[in-house]
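Colleague: Pasting a structure below so you can have a look.
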Amino acid sequence: MLQSVINVLYRYPKARLKHFNRFGGYFNYRKMLHGQKLMQQASAHLPPVQSAADGLEVYFLTGKKYLYQTLFCIQSLIKVSQTPFKFILVDDGSFDEQLIKQINTQLPGADIVDRQMINQNLSKALPKHQYPVLHHKRQVYPHIKKLTDVHTIPGEDWKLVLDSDMMFWNDPLALVSWLREPQKPIYMQDCQESYGYSRQLMEQLCKNKIPTLLNVGAIGLKSSAVNWAHLESWTTGLEEKEGSSYYLEQALTAMLLANVEAVVLPADEYIVNPDVNRIEHHIGTLHHYVDLSKEGYFKKAWKAI
């Protein structure tokens, strides 16, 4: 009881204050949230983007909280590239009739992988009695669906998944080249290593040297190469030794690519956590707005689209 009172009166407010201060204080943080709200409202008025039936396939795990970002990401991509793309939107568990109607209106021709399809795919590829840990993580940690729900979709073996909180500023020639003829995995380089677990434990579990600075903002994997039994045991091993982490999906992906030759997108073009100068002058090809760069994302970046 005493611990709960301490948390409510001291620890939680202190953590919130620290969070506000990272973004320049409470009032600046509120301005950022206001920019986010304006972005959400503006997304409903973006012009439709036709998804090409025979275009290069790009996957997004999205839903009610993130569709507005997905729409802006796609809008930015088609503004800088003449390449035809086929957009595949995977339900993060929050799709409803209204959201599907919006997708069909603003992304005509896009494929929708809904909850029923996902459950059918999972029952075939990842039966619950064989993979109880992965099924549990899907319920409490939606990020893992970028692995479980995307790479159990039948069809093309190589799949490129993009995070929604990104925007393109120049033609992504390296990504397009990979999509045309994928031969090995592709990923972004992080600004700092964020796996949520110690490198020692990760390498001990997967028995190989993991890549440095892997970021899953743009991640292309071969579905048939995903070893689900390994993911099940690695997840158990990581959490038993070092607890749960927001970065679990990124850690598991790094472990999947341990000692695997891959294409690493140039960090000066495909930029994770861009600084103010890069945001304001649209420097680079792709920006992934994580951490402090969300301020520039919500206040300025989307308005240029």
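The way I read the labels, and the way they are meant: chains A, B, ... in the order of the structure tokens, residue 1 as the first residue of every chain, and ligand 1 as the first ligand shown, with later ones counted on from there.
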Write out as a ChimeraX atom specification which residues come within 12 Å of A:Ile103 when counting only C-alpha atoms, dropping same-chain ones fewer than 4 positions away.

Modeller: /A:43-44,46-51,62-64,67-68,70-71,74,87-91,95-99,107-113

Colleague: Hey, what does DSSP flag as alpha helix (DSSP H) within stretch 115-152 of chain A? Can you give it to me as a list in words?

Modeller: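 Those in stretch 115-152 of chain A that DSSP calls alpha helix (DSSP H) are Arg115, Gln116, Met117, Ile118, Asn119, Gln120, Asn121, Leu122, Ser123, Lys124, Ala125, Pro132, Val133, Leu134, His135, His136, Lys137, Arg138, Gln139, Val140, Lys145, Lys146, Leu147 and Thr148 of chain A.
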
Colleague: Measuring atom to atom with only C-alpha atoms, identify which of A:Ala174, A:Leu134, A:Val276, A:Ile118 is nearest to A:Glu232.

Modeller: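 Closest residue, counting only C-alpha atoms: A:Leu134.
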
Colleague: Out of stretch 74-158 of chain A, which residues get strand (DSSP E or B) from DSSP, as JSON, numbers by chain?

Modeller: {"A": [85, 86, 87, 88, 89, 90, 91, 111, 112, 113, 158]}

Colleague: Just write the chosen residues, N, CA and C atoms, as an mmCIF file, in the first residue's frame.

Modeller:
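Listing of again-v4.cif after writing:
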```
data_model
loop_
_atom_site.group_PDB
_atom_site.id
_atom_site.type_symbol
_atom_site.label_atom_id
_atom_site.label_comp_id
_atom_site.auth_asym_id
_atom_site.auth_seq_id
_atom_site.Cartn_x
_atom_site.Cartn_y
_atom_site.Cartn_z
ATOM 1 N N PHE A 85 3.846 1.035 -56.499
ATOM 2 C CA PHE A 85 3.899 0.229 -55.278
ATOM 3 C C PHE A 85 2.543 -0.398 -54.997
ATOM 4 N N LYS A 86 2.594 -1.569 -54.401
ATOM 5 C CA LYS A 86 1.394 -2.231 -53.901
ATOM 6 C C LYS A 86 1.457 -2.177 -52.374
ATOM 7 N N PHE A 87 0.471 -1.539 -51.767
ATOM 8 C CA PHE A 87 0.474 -1.353 -50.322
ATOM 9 C C PHE A 87 -0.395 -2.416 -49.649
ATOM 10 N N ILE A 88 0.185 -3.054 -48.640
ATOM 11 C CA ILE A 88 -0.495 -4.118 -47.910
ATOM 12 C C ILE A 88 -0.561 -3.706 -46.448
ATOM 13 N N LEU A 89 -1.772 -3.474 -45.956
ATOM 14 C CA LEU A 89 -1.973 -3.005 -44.586
ATOM 15 C C LEU A 89 -2.433 -4.162 -43.710
ATOM 16 N N VAL A 90 -1.664 -4.419 -42.668
ATOM 17 C CA VAL A 90 -1.920 -5.543 -41.772
ATOM 18 C C VAL A 90 -2.550 -5.022 -40.485
ATOM 19 N N ASP A 91 -3.668 -5.581 -40.118
ATOM 20 C CA ASP A 91 -4.455 -5.157 -38.955
ATOM 21 C C ASP A 91 -3.681 -5.414 -37.658
ATOM 22 N N ASP A 111 -4.236 -3.839 -50.370
ATOM 23 C CA ASP A 111 -4.641 -5.097 -49.753
ATOM 24 C C ASP A 111 -4.791 -4.898 -48.254
ATOM 25 N N ILE A 112 -5.820 -5.491 -47.685
ATOM 26 C CA ILE A 112 -6.042 -5.442 -46.245
ATOM 27 C C ILE A 112 -5.971 -6.865 -45.697
ATOM 28 N N VAL A 113 -5.090 -7.063 -44.738
ATOM 29 C CA VAL A 113 -4.987 -8.356 -44.068
ATOM 30 C C VAL A 113 -5.654 -8.186 -42.710
ATOM 31 N N TRP A 158 9.797 -12.868 -49.773
ATOM 32 C CA TRP A 158 10.472 -11.693 -49.233
ATOM 33 C C TRP A 158 9.451 -10.599 -48.952
#
```

Colleague: Looking at only C-alpha atoms, which of A:Trp228, A:Trp169, A:Trp178, A:Tyr195 is the one that sits closest to A:Pro132?

Modeller: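 Checking each of A:Trp228, A:Trp169, A:Trp178, A:Tyr195 against A:Pro132, counting only C-alpha atoms, the winner is A:Trp228.
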
Colleague: May I have the residues within 6 Å of A:Ala258 as an NGL selection string, using only C-alpha atoms and disregarding those fewer than 4 positions away in the same chain?

Modeller: :A and (208-210)

Colleague: Just the selected residues (C-alpha atoms), exported as a PDB file, in the first residue's frame, please.

Modeller:
```pdb
ATOM      1  CA  ASN A 208      26.225 -16.227 -33.272  1.00  0.00           C
ATOM      2  CA  LYS A 209      27.492 -12.668 -33.483  1.00  0.00           C
ATOM      3  CA  ILE A 210      24.575 -10.246 -33.851  1.00  0.00           C
TER       4      ILE A 210
END
```

Colleague: Between atom CA of A:Val140 and atom CA of A:Lys101, what is the distance, to one decimal in Å?

Modeller: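 Atom CA of A:Lys101 lies at a distance of 27.2 Å from atom CA of A:Val140.
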
Colleague: Would you compute the distance between atom CA of A:Arg115 and atom CA of A:Thr152? Give it in Å to one decimal.

Modeller: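 Separation of atom CA of A:Arg115 and atom CA of A:Thr152: 12.8 Å.
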
Colleague: Which residue gives the smallest distance to A:Met117 among A:Met167, A:Val150, A:Ile219, A:Met188, with only C-alpha atoms counted?

Modeller: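 Distance minimum relative to A:Met117 lands on A:Val150.
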
Colleague: With distances taken over only C-alpha atoms, which of A:Asn215, A:Gln139, A:Ser164, A:Asn170 is nearest to A:Asp190?

Modeller: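 Residue with the minimum atom-to-atom distance to A:Asp190: A:Asn215.
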